[in-house]
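Notes follow once the structure below has been shown.
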Protein chains: 2
Amino acid sequence: MSNPLSKNAKDKPATLKDVARLAGVTHSTVSRVINHPELVNPTTREKIWQCIRELDYHPNPFARGLQTSLSRTIALVVPNITNLAFANFARGVQSSLEQNEPYGLIIASSDEDCIKEKSICLMLRQHWVDGVIFVSSAGGIPPIELLPEKMPKVLVERTCKLDNIDTYLLDLDDGIKKACEHLHGLGHGKIAIILGDATSITSKERLKSFKKALALLGLPSRNDYIEKGMWTSWNAKEAMIRLLKSEEPPTAVFAITDTMAMGAIAGAWELGLKVPEDVSVIGFNNEPGSAEYNPPLTTLDTSSFEMGRDAAETLLRRLGEPERPSVEIMYSTKLLVRSSTAPPKRC
Amino acid sequence: MSNPLSKNAKDKPATLKDVARLAGVTHSTVSRVINHPELVNPTTREKIWQCIRELDYHPNPFARGLQTSLSRTIALVVPNITNLAFANFARGVQSSLEQNEPYGLIIASSDEDCIKEKSICLMLRQHWVDGVIFVSSAGGIPPIELLPEKMPKVLVERTCKLDNIDTYLLDLDDGIKKACEHLHGLGHGKIAIILGDATSITSKERLKSFKKALALLGLPSRNDYIEKGMWTSWNAKEAMIRLLKSEEPPTAVFAITDTMAMGAIAGAWELGLKVPEDVSVIGFNNEPGSAEYNPPLTTLDTSSFEMGRDAAETLLRRLGEPERPSVEIMYSTKLLVRSSTAPPKRC
DNA sequence: GTGAAAGCGCTAACAT
DNA sequence: ATGTTAGCGCTTTCAC
């Protein structure tokens, strides 16, 4: 129609055969130009490329997949896409995909739910993705047994005994120690923590690092200083209110996500308490917007975008080279001191 | 191995033929059981289902796609996945997919960039998605000409003359009028607006509605009350600072996303000004967390999740029924009055 | 360096 | 109600 190119009759997408006919060769030669160009005569190769462009030919992914079992699509499974740290991670993955081969990206959000994670794996198997990136799986190790053993997988924030699985880790012990040291250095001795849900591995791991850090500083671990914010700002707000209304309220609170830190600050505010004057709050992740919160959030930067980009690169590399030794990469976090932490009113 | 089921030799996925052999029928009968169960004898049907389960058979999507040209995957294109309103929309889409057929979901974020939007379409064409949902495309109408004409498409927050495209719209005129009326009712006469970037259709449309609303209230539209926040809280913060430092600063500011509203509040705060005492701020979208901001944000709720869920449902329906008349659905917004707006200090 | 031919796993038209 | 058969578009031996 408006397309000047002479397409095939019914405007159906051109096939290998169409290109072959136009170029005066057989379809196998055309296929060869695409998959093993070095095996074909440079002159014919160039001619065939012209025909490919002229017909706007694109290989049919179904036919190709039927042969190769490859879909040129990878999947990313995160616990919650509305968590900005994960959304940023996803952007990192996408940016890596853009700069490398044109892989499609299937994003699935499991809502921190093991059951959903399983059904996502089932869905992925039915869609034959070439590889998967799992981020902080709800049940510790994601249900990878539901996926083909050979399918490359990258685990983020989780370890797994299995060989041939690449892993991206966050140095929680170090990061959380830095956070606690910062608070301790300001004079805080009564530090509480706001977790997500009590059962998630993410919460448990961060709690463990937190307890370690307190011990290192000679501070006691108090059970009444452990609260659950269910990953949302509104629940964290309630958690903060509970903490501050207790008999001996903490002077500083570490929330294991920025979102919950913001909720915690809102909770203090609701009780007429100011942050950081009356209580200090420190977050985790450096989510976009944390610097513009009121007050700007002191937090640990976890480079979500970069991690996503690197994780995707690792997956892509393994896709091309299945036998390469697996890597385990540890990311360190960076303490960003902003305005939500200050010395306590009275030591 | 640990699987008790008697799988086929090499543990390769079972095929139609394997099931047929086990059931003592031909592969076409098995295919029929899956695609047109009503055409097959209930007894054999049941037996075949058992064999399917026993072998854990799943149709090969490539072979199936080669026949049907259907991938059972749809795509969602949003301007920015780190915008919580869009992330929520995506969750809505996913939830609808879960409750209906097991469609895969490809999410692509265009970064408000027309060029990227085009390359996304190219990628989607190569992945043969069955349908696409476009949300507030950067260039007005998304580059649908790059996608097969027959591919079902749902447009969100955009209209398009083309027939057979389903549309989900936001009643901006009404919503923004409500916001301005609220501000005007509190006594504000000097109302500024913080847009995203100046060139995006989203910004232009909201500005138009804003001007209309001001006119309706008998308020003048001042060009120096139009600022750009580039969709981020940090840029919105700078924009707010510019507004407040001007000769005749506004007493109220309407930011066209909550994220930018939060940045605006941070800007006021940086100048030692309080919200809502010194300046009122109203947002748009009711993003998760807006209620826990400091102060809780007055905003317009746009039901992102529900819209995503409904848009996906519409797409799914059209997938099953390509000839059904297209729908155009208008969503109204709801004003949520919280604590970031109040009467101006001096009228 | 290129062509011929087989077959990946499935669907559907046709035959019985 | 079920079986037979012919492709879908591609990759990859195997000949030449």
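If you're wondering about the labels, chains in the structure tokens are A, B, ... by order shown, residues count from 1 in each chain, ligands from 1 in order shown.
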Item to complete: For C:DT16, please output as a PyMOL selection string all residues within 10 Å (counting only C-alpha atoms (C1' of nucleotides); exclusion window: fewer than 6 positions along the same chain).
Response: chain D and resi 2-4
Discussion item. Going by DSSP on the backbone, which residues of stretch 69-246 of chain B come out as helix (DSSP H, G or I)? List them as a count of residues only.
Written reply: 80
Practice prompt. Considering only C-alpha atoms (C1' of nucleotides), extract the chain D residues located within 7 Å of chain A and return them as a ChimeraX atom specification.
Written response: /D:9-11
Item to complete: List the neighbours of A:Ser221 out to 10 Å using only C-alpha atoms (C1' of nucleotides); skip same-chain residues closer than 4 positions along the sequence, and give me the result as a PyMOL selection string.
Response: chain A and resi 190-192+210-215+225-226
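Remark: for chain A, the closest of the candidate residues B:Met330, B:Leu300, B:Ala108, B:Leu336 is B:Ala108 (distances computed over only C-alpha atoms).
Restricting the calculation to only C-alpha atoms, the smallest distance between chain A and any of B:Lys204, B:His184, B:Lys274, B:His36 is found for B:Lys274.
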Discussion item. For C:DA4, find every residue with an atom within 12 Å (counting only C-alpha atoms (C1' of nucleotides)), except residues of its own chain fewer than 6 positions away, and show them as a PyMOL selection string.
Written reply: (chain A and resi 26-29) or (chain D and resi 12-16)
Fill in: Spatial neighbours of B:Val77, max dist 7 Å, only C-alpha atoms (C1' of nucleotides), sep filter under 2 positions, as a PyMOL selection string
chain B and resi 75+79+107-110+133-135
Same residues, N, CA and C atoms, saved as a compact mmCIF listing (two decimals), in the first residue's frame:
# COMPACT_ATOMS: atom_id res chain seq x y z
N ALA B 75 2.29 -7.97 25.16
CA ALA B 75 3.29 -7.00 25.57
C ALA B 75 2.63 -5.79 26.20
N PRO B 79 5.92 4.15 29.56
CA PRO B 79 7.00 5.12 29.39
C PRO B 79 8.12 4.90 30.40
N ILE B 107 7.19 -6.90 29.32
CA ILE B 107 7.05 -5.50 29.71
C ILE B 107 8.22 -4.73 29.14
N ALA B 108 7.93 -3.63 28.50
CA ALA B 108 9.01 -2.81 27.97
C ALA B 108 8.80 -1.38 28.43
N SER B 109 9.89 -0.75 28.80
CA SER B 109 9.84 0.62 29.29
C SER B 109 10.55 1.49 28.25
N SER B 110 9.85 2.51 27.77
CA SER B 110 10.42 3.26 26.64
C SER B 110 11.18 4.50 27.08
N ILE B 133 -0.44 -3.68 24.76
CA ILE B 133 -1.06 -2.56 25.47
C ILE B 133 -0.04 -1.43 25.52
N PHE B 134 -0.41 -0.30 24.98
CA PHE B 134 0.47 0.87 25.01
C PHE B 134 -0.06 1.86 26.02
N VAL B 135 0.79 2.29 26.92
CA VAL B 135 0.36 3.29 27.90
C VAL B 135 1.06 4.61 27.63
Give me the residues of chain B that have any atom at most 7 Å from an atom of chain A; for each, the nearest atom pair and the distance in Å, rounded to one decimal. Use only C-alpha atoms, sort by chain and number, and format it as JSON lines.
{"residue": "B:His58", "atom": "CA", "partner": "A:Gln126", "partner_atom": "CA", "distance": 6.9}
{"residue": "B:Pro61", "atom": "CA", "partner": "A:His127", "partner_atom": "CA", "distance": 6.4}
{"residue": "B:Phe62", "atom": "CA", "partner": "A:Phe62", "partner_atom": "CA", "distance": 4.5}
{"residue": "B:Ala63", "atom": "CA", "partner": "A:Leu66", "partner_atom": "CA", "distance": 5.7}
{"residue": "B:Gly65", "atom": "CA", "partner": "A:Phe62", "partner_atom": "CA", "distance": 5.6}
{"residue": "B:Leu66", "atom": "CA", "partner": "A:Phe62", "partner_atom": "CA", "distance": 5.1}
{"residue": "B:Ile81", "atom": "CA", "partner": "A:Ala87", "partner_atom": "CA", "distance": 6.1}
{"residue": "B:Thr82", "atom": "CA", "partner": "A:Ala87", "partner_atom": "CA", "distance": 5.3}
{"residue": "B:Leu84", "atom": "CA", "partner": "A:Thr82", "partner_atom": "CA", "distance": 5.9}
{"residue": "B:Ala87", "atom": "CA", "partner": "A:Thr82", "partner_atom": "CA", "distance": 5.2}
{"residue": "B:Asn88", "atom": "CA", "partner": "A:Thr82", "partner_atom": "CA", "distance": 6.3}
{"residue": "B:Pro102", "atom": "CA", "partner": "A:Met123", "partner_atom": "CA", "distance": 6.6}
{"residue": "B:Gly104", "atom": "CA", "partner": "A:Met123", "partner_atom": "CA", "distance": 7.0}
{"residue": "B:Leu105", "atom": "CA", "partner": "A:Ile106", "partner_atom": "CA", "distance": 5.7}
{"residue": "B:Ile106", "atom": "CA", "partner": "A:Ile106", "partner_atom": "CA", "distance": 4.3}
{"residue": "B:Ile107", "atom": "CA", "partner": "A:Ile107", "partner_atom": "CA", "distance": 6.0}
{"residue": "B:Met123", "atom": "CA", "partner": "A:Pro102", "partner_atom": "CA", "distance": 6.6}
{"residue": "B:Gln126", "atom": "CA", "partner": "A:Pro61", "partner_atom": "CA", "distance": 6.9}
{"residue": "B:His127", "atom": "CA", "partner": "A:Pro61", "partner_atom": "CA", "distance": 6.5}
{"residue": "B:Ser233", "atom": "CA", "partner": "A:Gly289", "partner_atom": "CA", "distance": 5.7}
{"residue": "B:Trp234", "atom": "CA", "partner": "A:Glu292", "partner_atom": "CA", "distance": 6.3}
{"residue": "B:Met262", "atom": "CA", "partner": "A:Tyr293", "partner_atom": "CA", "distance": 6.9}
{"residue": "B:Gly263", "atom": "CA", "partner": "A:Glu292", "partner_atom": "CA", "distance": 5.5}
{"residue": "B:Ala266", "atom": "CA", "partner": "A:Glu292", "partner_atom": "CA", "distance": 5.4}
{"residue": "B:Gly289", "atom": "CA", "partner": "A:Ser233", "partner_atom": "CA", "distance": 5.7}
{"residue": "B:Glu292", "atom": "CA", "partner": "A:Ala266", "partner_atom": "CA", "distance": 5.4}
{"residue": "B:Tyr293", "atom": "CA", "partner": "A:Ala266", "partner_atom": "CA", "distance": 6.3}
{"residue": "B:Asn294", "atom": "CA", "partner": "A:Asn294", "partner_atom": "CA", "distance": 6.0}
Item to complete: Give as a ChimeraX atom specification every residue of chain C that touches chain B within 10 Å, counting only C-alpha atoms (C1' of nucleotides).
Response: /C:8-12
Practice prompt. Would you please give, as number ranges by chain, all residues of stretch 134-325 of chain B that DSSP assigns to strand (DSSP E or B) based on the backbone?
Written response: B: 134-135, 153-156, 166-170, 191-195, 226-228, 252-255, 280-282, 285, 298-301
Worksheet item: What is the atom CA of B:Val129 to atom CA of B:Met151 distance in Å?
Response: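 We find that atom CA of B:Val129 and atom CA of B:Met151 lie 8.3 Å from each other.
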Item to complete: Fewer than 5 positions away in the same chain doesn't count, so skip those; otherwise give me all residues within 8 Å of A:Ala311, counting only C-alpha atoms (C1' of nucleotides), as a list in words.
Response: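 My reading of the contact set: Val93, Ile133, Val154, Val156 and Tyr168 of chain A.
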Keeping N, CA and C atoms, export the residues of the selection given above as a CSV table (one decimal), in the first residue's frame.
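New file selection_23.csv:
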chain,number,residue,atom,x,y,z
A,93,VAL,N,18.4,-4.5,33.5
A,93,VAL,CA,18.3,-5.7,32.7
A,93,VAL,C,18.0,-5.2,31.2
A,133,ILE,N,16.4,-14.7,35.3
A,133,ILE,CA,17.1,-14.0,36.4
A,133,ILE,C,16.0,-14.0,37.6
A,154,VAL,N,20.3,-17.0,36.7
A,154,VAL,CA,21.1,-16.1,37.5
A,154,VAL,C,20.3,-15.9,38.8
A,156,VAL,N,19.9,-13.7,42.2
A,156,VAL,CA,20.3,-12.4,42.8
A,156,VAL,C,19.8,-12.4,44.3
A,168,TYR,N,24.5,-13.3,42.1
A,168,TYR,CA,24.8,-11.9,42.5
A,168,TYR,C,24.4,-11.7,43.9
Item to complete: Give me, please, the distance in Å between atom CA of A:Leu162 and atom CA of A:Ile201, quoted to one decimal.
Response: 18.4 Å
Worksheet entry | Distance of atom CA of A:Asp130 from atom CA of A:Leu39, expressed in Å to one decimal place | 26.5 Å
Within 12 Å of B:Asp173, counting only C-alpha atoms (C1' of nucleotides), which residues qualify if same-chain residues fewer than 2 places away don't, as a compact mmCIF listing (two decimals) with C-alpha atoms, in the first residue's frame?
# COMPACT_ATOMS: atom_id res chain seq x y z
CA LEU B 169 -8.90 7.18 28.68
CA LEU B 170 -8.58 9.28 31.78
CA ASP B 171 -11.06 12.09 32.20
CA GLY B 175 -10.07 15.44 37.22
CA ILE B 176 -7.87 18.47 36.87
CA LYS B 177 -10.90 20.70 37.20
CA LYS B 178 -11.64 19.01 40.51
CA ALA B 179 -8.08 19.63 41.63
CA CYS B 180 -8.18 23.30 40.68
CA GLU B 181 -11.58 23.78 42.22
CA GLU B 205 -2.71 17.28 27.56
CA ARG B 206 -2.60 17.88 31.26
CA LEU B 207 -1.54 21.46 30.70
CA LYS B 208 -4.47 21.97 28.38
CA SER B 209 -6.91 20.63 30.95
CA PHE B 210 -5.24 22.77 33.56
CA LYS B 211 -5.66 25.92 31.50
CA LYS B 212 -9.26 25.04 30.83
CA ALA B 213 -9.87 24.57 34.52
CA LEU B 214 -8.27 27.90 35.38
CA ALA B 215 -10.34 29.64 32.75
CA LEU B 216 -13.49 28.09 34.15
CA MET B 330 -13.30 6.75 30.09
CA TYR B 331 -12.00 6.48 33.62
CA SER B 332 -12.85 9.23 36.02
CA THR B 333 -10.42 10.28 38.71
